[in-house]
Amino acid sequence: MLQKLSKKCMIETHRMLKGNLMKDTLLDNLNEKQLEAVTTTEGYVRVIAGAGSGKTKALTHRYAYLVREAGISPANILCITFTNKAANEMKKRIKYLLGEEFDTSFVATLHSYCTRILREDIGKLFYPESFIVLDTADQKRILEEVYEEFNISMDTATFQFMIDKIRYYKNLITYMDFIAVPKEDIGKYEAKTLEEAIILRYIQKQKKYFGLDFFDLINFVIYLFRKHGDVLDKWQKRMHYVLVDEFQDITVKEFKLIRQLTEINKNWFVVGDPDQNIYEWRGSNMQVLLEFDQKMEPCKTIFLNENYRSTPQILNAANSLIEKNKNRIKKDLYTKKEDGALPEHFHSKDENEEINFIVKTIQAHTEKGGNYKDIAVLYRSNFVSRFIEQGFLKANIPYLVYGGVGVYDRMEIKDVLSYLRMIAFGDDLSFLRIVNMPKRKIGKTKLVFLKQKSEAENISYYEAMKRYIHEPVFKGCGGADFIQVIERLKLDAEELPVSELLQKLLIDSGYEPYIRESGDMDRLDNISELLRSIVISETEYGEFLPLITFLQDVSLNRDLDIEDKQDCVKIMTIHTAKGLEFDTVVLAGANERTLPSIRALEERQEDALEEERRLCFVAVTRAKKKLYITESEGFGIKGYTKVPSRFVFDIGDESILRTGSISDELKEEYRFQVGAVRVPGVANYAVGSQVKHKVFGEGMVEEIDEETKTYMIRFMIGIKPISFHYSGLSQVF
DNA sequence: ATTTTCGAGATTTTT
DNA sequence: TCTCGAAAAT
């Protein structure tokens, strides 16, 4: 028996080596259209594909096909994903197709590619040769400093406004002429308006901090290519194939950059879904996808409309929602999947009721043997997660927050990374974050003192502190110790790997004891988790991973690869969920002013509203088997009374089951009746639902038999089979 | 006089 | 979670 098995294994291995098995998995699982997309290796190919139609699969398989069947080196393929999470997912699939040892480091976001390009040649631009990538928090901090100098107060709206302005200015080539000059020449540029003055100051400051923001990463590369033909030449010659995922989210600028990169060898393969463009606010323009065939001729366009993900019921809801968008190319998804339960719209009187419903639904699911990890709770804005987390903590439901305010935005991780940045750059941003962490009795007064000195002598806060540490103001504080620790760590940084440096730093700076004393074990766990991920990236990098390289990558790749191994409910924003799929999806907080967001409503522009609807569409189409949309009354942002999102009514009554309790005022206003919709032949209630039967009283759905269209419901008197068609059932809460 | 602590209120989305 | 302001602590 054992011998037989091992012989079989040998044959398998042999087939694998010959490439047969690879070829099978590579092409056999594809439908006709996907196959066409994958195997068209020359020229321009555009795939317009609906949600769940396997567009990323087509892209991944084409990548593998190019490498395996056409023998192209991965270094010659520019494979661009939209997020790091997507890149990681794709890497996994490529490794599955091409073998674990296959080098997938060439699958990345455009921003990561740009960082690589800049790392090699930024020295040509009169910019500090080492740079850090500024994230939004850094940007905000810099802008706040600038606003303080100009004596203007800054709120979130102003911040967003200025970010848009900065993007606008940074799109002008004159800006690059300005920023790329040697530091000392910066003063000779004069601002004509206040707005310009603020932006110039912002640029000066970011340069002082060795920072490049996300706009710069793209702009610098474009500028570098423009000024230095040899650099452009080098990269152009390298790129023979370009594959771009989520092409509907690309900006015109990014498109031009990619076009420049592939000017010599023009083989494009782009996939996208116009209905899933949810990044217009960030400059993305789906016209790039729509007009691709006119700009890049001759272009082969392949449509993928069969959905392999969701039940017909979920797809119906999604279709009826998205068809309310006027500015749209009609494209109806279909599926051959088996019928499932109707999506459910649960309306509740307040937030407690809403979170209780979610908790109950999840508990019912797991009591029946289901896993937590098959469930995702999605929401429009991060603040919604707070209610959900609180509810889950109370009910002891394990959960993981993905993206956004996830692992890398935790306070302790930011602190620790700031320490590392402090060692590498000594910049003010890091200094301000950690100088009093742990408490060193360095507060406002001392910082004001340092600020004056640093401005007067054009040095950093840290240098100023070193220079004036013996002044009376610093008497009795931990400043001297701090300097000593940092100086010693700076020396260590040259020899020690990042992981060891970090461990030393945690002890020497007193940060770890400080966290330990605060009694928060989660924070220590998070730090160990970071440490673990550093060790992994060190191993992957092969040679000695320089601290600066690590820091550049870490601010781009903020995706700690959370494994599916842990059985946790996944919690994330809709934006983060894009490209993912889950058995059960709960879309929480589906209220006006949250989804659509209050900003989109204030803009009063149809475009903004349509983007919000697409966002809702993305959320709905993440679900494979069961979809819940929940919302509640009560007091919302700025004291408004919360009302259900218009989008839950965009989904036709025949496509969604409306449940929950509703107050009389709202009932009058909205005229939707809870529990009014019944579609015969389809299970309206999920397993675990509490229901009321006209004759048998209250009970719980134990089983659903799709074949005989029957529920098995446990009542006081025992288990009874009840037909889907029976109209005497109603939901109980 | 200065720093620390504690409670209250507010929050779009991300590379 | 983050920030702000007032009160408490050094």
# chains A, B, ... in the order shown; residues from 1 in each chain; ligands from 1
>>> select_by_dssp(residues="range 320-389 of chain A", states="alpha helix (DSSP H)", output="JSON, numbers by chain")
{"A": [320, 321, 322, 351, 352, 353, 354, 355, 356, 357, 358, 359, 360, 361, 362, 363, 364, 365, 366, 367, 384, 385, 386, 387, 388, 389]}
>>> interface_residues(of="chain A", to="chain B", cutoff="10 Å", atoms="only C-alpha atoms (C1' of nucleotides)", output="number ranges by chain")
A: 82-84, 109-112, 135-136, 156, 213-215, 217, 278-279, 281-282, 380-384, 403-404, 439-446, 555-557, 573-576, 594-600, 612, 615, 637-638
>>> interface_residues(of="chain A", to="chain C", cutoff="9 Å", atoms="only C-alpha atoms (C1' of nucleotides)", output="PyMOL selection string")
chain A and resi 383+386+405+410-411
>>> write_last_selection(atoms="N, CA and C atoms", output="compact mmCIF listing (two decimals), in the first residue's frame")
# COMPACT_ATOMS: atom_id res chain seq x y z
N PHE A 383 -15.08 54.49 11.71
CA PHE A 383 -15.66 54.66 13.05
C PHE A 383 -16.77 53.65 13.34
N ARG A 386 -15.99 50.62 15.59
CA ARG A 386 -15.94 50.70 17.05
C ARG A 386 -17.13 50.01 17.70
N VAL A 405 -7.26 51.01 10.15
CA VAL A 405 -6.85 51.06 11.54
C VAL A 405 -6.51 49.65 11.99
N ARG A 410 -1.71 50.88 14.74
CA ARG A 410 -1.74 50.84 16.19
C ARG A 410 -0.66 51.74 16.74
N MET A 411 -1.01 52.35 17.86
CA MET A 411 -0.11 53.31 18.48
C MET A 411 1.29 52.74 18.70
>>> atom_distance(atom1="CA of Pro513 in chain A", atom2="CA of Glu463 in chain A")
26.7 Å
>>> atom_distance(atom1="CA of Ile704 in chain A", atom2="CA of Ala686 in chain A")
7.8 Å
>>> residues_around(residues="Ile362 in chain A", least_positions_apart="2", cutoff="12 Å", atoms="only C-alpha atoms (C1' of nucleotides)", output="JSON, numbers by chain")
{"A": [355, 356, 357, 358, 359, 360, 364, 365, 366, 367, 368, 369, 370, 371, 372, 373, 374, 375, 376, 377, 391, 392, 395, 396, 397, 398, 399, 568, 569, 570, 584, 585, 586, 626, 628, 686, 687, 688, 689]}
>>> select_by_dssp(residues="range 337-495 of chain A", states="strand (DSSP E or B)", output="list in words")
Glu344, His345, Phe346, His347, Ser348, Ile375, Ala376, Val377, Leu378, Tyr379, Tyr399, Leu400 and Val401 of chain A
>>> residues_around(residues="Asn277 in chain A", least_positions_apart="6", cutoff="10 Å", atoms="only C-alpha atoms (C1' of nucleotides)", output="number ranges by chain")
A: 246-250, 284-286, 610-612, 614-615, 618
>>> write_last_selection(atoms="C-alpha atoms", output="PDB file, in the first residue's frame")
ATOM      1  CA  GLU A 246      -8.113  46.862 -11.185  1.00  0.00           C
ATOM      2  CA  PHE A 247      -7.465  49.052 -14.190  1.00  0.00           C
ATOM      3  CA  GLN A 248     -10.624  51.103 -13.572  1.00  0.00           C
ATOM      4  CA  ASP A 249      -8.912  52.650 -10.544  1.00  0.00           C
ATOM      5  CA  ILE A 250      -5.900  54.005 -12.369  1.00  0.00           C
ATOM      6  CA  SER A 284      -8.730  57.579 -10.552  1.00  0.00           C
ATOM      7  CA  ASN A 285     -10.447  57.941 -13.876  1.00  0.00           C
ATOM      8  CA  MET A 286     -12.315  55.066 -15.427  1.00  0.00           C
ATOM      9  CA  GLU A 610     -22.819  57.148  -8.061  1.00  0.00           C
ATOM     10  CA  GLU A 611     -19.413  56.367  -6.645  1.00  0.00           C
ATOM     11  CA  GLU A 612     -21.050  55.654  -3.302  1.00  0.00           C
ATOM     12  CA  ARG A 614     -20.645  51.519  -6.698  1.00  0.00           C
ATOM     13  CA  LEU A 615     -19.127  51.208  -3.262  1.00  0.00           C
ATOM     14  CA  VAL A 618     -18.711  46.244  -4.202  1.00  0.00           C
TER      15      VAL A 618
END
>>> closest_residue(among="A:Asp567, A:Glu89, A:Glu280, A:Asp233", to="Gln260 in chain A", atoms="only C-alpha atoms")
A:Asp233
>>> atom_distance(atom1="CA of Lys227 in chain A", atom2="CA of Leu257 in chain A")
14.2 Å
>>> decode(residues="chain B", atoms="N, CA and C atoms (P, O5', C5', C4', C3', O3' and C1' of nucleotides)", output="PDB file, in the first residue's frame")
ATOM      1  P    DA B   1       4.723  80.785  37.643  1.00  0.00           P
ATOM      2  O5'  DA B   1       5.559  79.815  36.710  1.00  0.00           O
ATOM      3  C5'  DA B   1       6.808  79.311  37.184  1.00  0.00           C
ATOM      4  C4'  DA B   1       7.077  78.014  36.487  1.00  0.00           C
ATOM      5  C3'  DA B   1       6.509  77.914  35.081  1.00  0.00           C
ATOM      6  O3'  DA B   1       7.487  77.271  34.290  1.00  0.00           O
ATOM      7  C1'  DA B   1       5.651  76.152  36.401  1.00  0.00           C
ATOM      8  P    DT B   2       7.378  77.144  32.739  1.00  0.00           P
ATOM      9  O5'  DT B   2       7.056  75.584  32.639  1.00  0.00           O
ATOM     10  C5'  DT B   2       7.857  74.697  33.406  1.00  0.00           C
ATOM     11  C4'  DT B   2       7.291  73.312  33.384  1.00  0.00           C
ATOM     12  C3'  DT B   2       6.707  72.845  32.050  1.00  0.00           C
ATOM     13  O3'  DT B   2       7.445  71.701  31.665  1.00  0.00           O
ATOM     14  C1'  DT B   2       5.276  72.290  33.860  1.00  0.00           C
ATOM     15  P    DT B   3       7.111  70.850  30.365  1.00  0.00           P
ATOM     16  O5'  DT B   3       6.421  69.571  31.034  1.00  0.00           O
ATOM     17  C5'  DT B   3       7.137  68.869  32.046  1.00  0.00           C
ATOM     18  C4'  DT B   3       6.255  67.812  32.663  1.00  0.00           C
ATOM     19  C3'  DT B   3       5.687  66.792  31.675  1.00  0.00           C
ATOM     20  O3'  DT B   3       5.887  65.506  32.243  1.00  0.00           O
ATOM     21  C1'  DT B   3       3.938  67.720  32.968  1.00  0.00           C
ATOM     22  P    DT B   4       5.511  64.193  31.454  1.00  0.00           P
ATOM     23  O5'  DT B   4       4.140  63.793  32.148  1.00  0.00           O
ATOM     24  C5'  DT B   4       4.138  63.464  33.534  1.00  0.00           C
ATOM     25  C4'  DT B   4       2.719  63.150  33.980  1.00  0.00           C
ATOM     26  C3'  DT B   4       2.012  62.090  33.123  1.00  0.00           C
ATOM     27  O3'  DT B   4       1.476  61.129  34.018  1.00  0.00           O
ATOM     28  C1'  DT B   4       0.652  64.020  33.328  1.00  0.00           C
ATOM     29  P    DT B   5       0.824  59.795  33.482  1.00  0.00           P
ATOM     30  O5'  DT B   5      -0.689  59.992  33.925  1.00  0.00           O
ATOM     31  C5'  DT B   5      -0.984  60.700  35.123  1.00  0.00           C
ATOM     32  C4'  DT B   5      -2.459  61.043  35.152  1.00  0.00           C
ATOM     33  C3'  DT B   5      -3.360  60.025  34.436  1.00  0.00           C
ATOM     34  O3'  DT B   5      -4.525  59.849  35.217  1.00  0.00           O
ATOM     35  C1'  DT B   5      -3.749  62.159  33.568  1.00  0.00           C
ATOM     36  P    DC B   6      -5.352  58.511  35.123  1.00  0.00           P
ATOM     37  O5'  DC B   6      -6.848  59.063  35.245  1.00  0.00           O
ATOM     38  C5'  DC B   6      -7.107  60.404  35.686  1.00  0.00           C
ATOM     39  C4'  DC B   6      -8.212  61.017  34.836  1.00  0.00           C
ATOM     40  C3'  DC B   6      -9.084  59.998  34.085  1.00  0.00           C
ATOM     41  O3'  DC B   6     -10.441  60.285  34.334  1.00  0.00           O
ATOM     42  C1'  DC B   6      -8.350  61.695  32.622  1.00  0.00           C
ATOM     43  P    DG B   7     -11.539  59.193  33.990  1.00  0.00           P
ATOM     44  O5'  DG B   7     -12.633  60.115  33.276  1.00  0.00           O
ATOM     45  C5'  DG B   7     -12.907  61.415  33.774  1.00  0.00           C
ATOM     46  C4'  DG B   7     -13.464  62.253  32.641  1.00  0.00           C
ATOM     47  C3'  DG B   7     -14.507  61.539  31.782  1.00  0.00           C
ATOM     48  O3'  DG B   7     -15.570  62.436  31.541  1.00  0.00           O
ATOM     49  C1'  DG B   7     -12.774  62.353  30.411  1.00  0.00           C
ATOM     50  P    DA B   8     -16.869  61.935  30.862  1.00  0.00           P
ATOM     51  O5'  DA B   8     -16.927  62.918  29.614  1.00  0.00           O
ATOM     52  C5'  DA B   8     -16.511  64.286  29.764  1.00  0.00           C
ATOM     53  C4'  DA B   8     -16.472  64.915  28.381  1.00  0.00           C
ATOM     54  C3'  DA B   8     -17.551  64.404  27.437  1.00  0.00           C
ATOM     55  O3'  DA B   8     -18.064  65.490  26.689  1.00  0.00           O
ATOM     56  C1'  DA B   8     -15.420  64.009  26.503  1.00  0.00           C
ATOM     57  P    DG B   9     -19.262  65.283  25.732  1.00  0.00           P
ATOM     58  O5'  DG B   9     -18.558  65.412  24.310  1.00  0.00           O
ATOM     59  C5'  DG B   9     -17.723  66.547  24.040  1.00  0.00           C
ATOM     60  C4'  DG B   9     -17.167  66.406  22.642  1.00  0.00           C
ATOM     61  C3'  DG B   9     -18.180  65.873  21.630  1.00  0.00           C
ATOM     62  O3'  DG B   9     -18.011  66.605  20.423  1.00  0.00           O
ATOM     63  C1'  DG B   9     -16.304  64.455  21.675  1.00  0.00           C
ATOM     64  P    DA B  10     -18.945  66.334  19.229  1.00  0.00           P
ATOM     65  O5'  DA B  10     -17.915  65.877  18.107  1.00  0.00           O
ATOM     66  C5'  DA B  10     -16.669  66.567  17.992  1.00  0.00           C
ATOM     67  C4'  DA B  10     -15.834  65.846  16.964  1.00  0.00           C
ATOM     68  C3'  DA B  10     -16.643  65.332  15.780  1.00  0.00           C
ATOM     69  O3'  DA B  10     -15.865  65.512  14.622  1.00  0.00           O
ATOM     70  C1'  DA B  10     -15.550  63.535  16.809  1.00  0.00           C
ATOM     71  P    DT B  11     -16.570  65.581  13.278  1.00  0.00           P
ATOM     72  O5'  DT B  11     -15.948  64.365  12.471  1.00  0.00           O
ATOM     73  C5'  DT B  11     -14.594  64.112  12.708  1.00  0.00           C
ATOM     74  C4'  DT B  11     -14.168  62.797  12.126  1.00  0.00           C
ATOM     75  C3'  DT B  11     -15.090  62.182  11.068  1.00  0.00           C
ATOM     76  O3'  DT B  11     -14.301  61.958   9.915  1.00  0.00           O
ATOM     77  C1'  DT B  11     -14.565  60.603  12.755  1.00  0.00           C
ATOM     78  P    DT B  12     -14.065  62.468   8.722  1.00  0.00           P
ATOM     79  O5'  DT B  12     -14.992  61.421   8.022  1.00  0.00           O
ATOM     80  C5'  DT B  12     -15.049  60.902   6.855  1.00  0.00           C
ATOM     81  C4'  DT B  12     -15.010  59.406   6.777  1.00  0.00           C
ATOM     82  C3'  DT B  12     -13.589  58.910   6.678  1.00  0.00           C
ATOM     83  O3'  DT B  12     -13.582  57.512   6.915  1.00  0.00           O
ATOM     84  C1'  DT B  12     -14.611  58.988   4.550  1.00  0.00           C
ATOM     85  P    DT B  13     -12.235  56.711   7.060  1.00  0.00           P
ATOM     86  O5'  DT B  13     -12.071  56.114   5.600  1.00  0.00           O
ATOM     87  C5'  DT B  13     -12.814  54.973   5.204  1.00  0.00           C
ATOM     88  C4'  DT B  13     -12.631  54.727   3.735  1.00  0.00           C
ATOM     89  C3'  DT B  13     -11.175  54.651   3.303  1.00  0.00           C
ATOM     90  O3'  DT B  13     -10.788  53.295   3.248  1.00  0.00           O
ATOM     91  C1'  DT B  13     -12.520  55.923   1.775  1.00  0.00           C
ATOM     92  P    DT B  14      -9.414  52.903   3.996  1.00  0.00           P
ATOM     93  O5'  DT B  14      -8.371  53.036   2.800  1.00  0.00           O
ATOM     94  C5'  DT B  14      -8.536  52.272   1.629  1.00  0.00           C
ATOM     95  C4'  DT B  14      -7.340  52.504   0.726  1.00  0.00           C
ATOM     96  C3'  DT B  14      -5.985  52.217   1.380  1.00  0.00           C
ATOM     97  O3'  DT B  14      -5.125  51.651   0.411  1.00  0.00           O
ATOM     98  C1'  DT B  14      -6.071  54.477   0.690  1.00  0.00           C
ATOM     99  P    DT B  15      -3.858  50.817   0.845  1.00  0.00           P
ATOM    100  O5'  DT B  15      -2.765  51.276  -0.215  1.00  0.00           O
ATOM    101  C5'  DT B  15      -2.923  50.932  -1.575  1.00  0.00           C
ATOM    102  C4'  DT B  15      -2.032  51.830  -2.403  1.00  0.00           C
ATOM    103  C3'  DT B  15      -0.563  51.825  -1.972  1.00  0.00           C
ATOM    104  O3'  DT B  15       0.266  51.544  -3.090  1.00  0.00           O
ATOM    105  C1'  DT B  15      -1.395  54.049  -2.096  1.00  0.00           C
TER     106       DT B  15
END
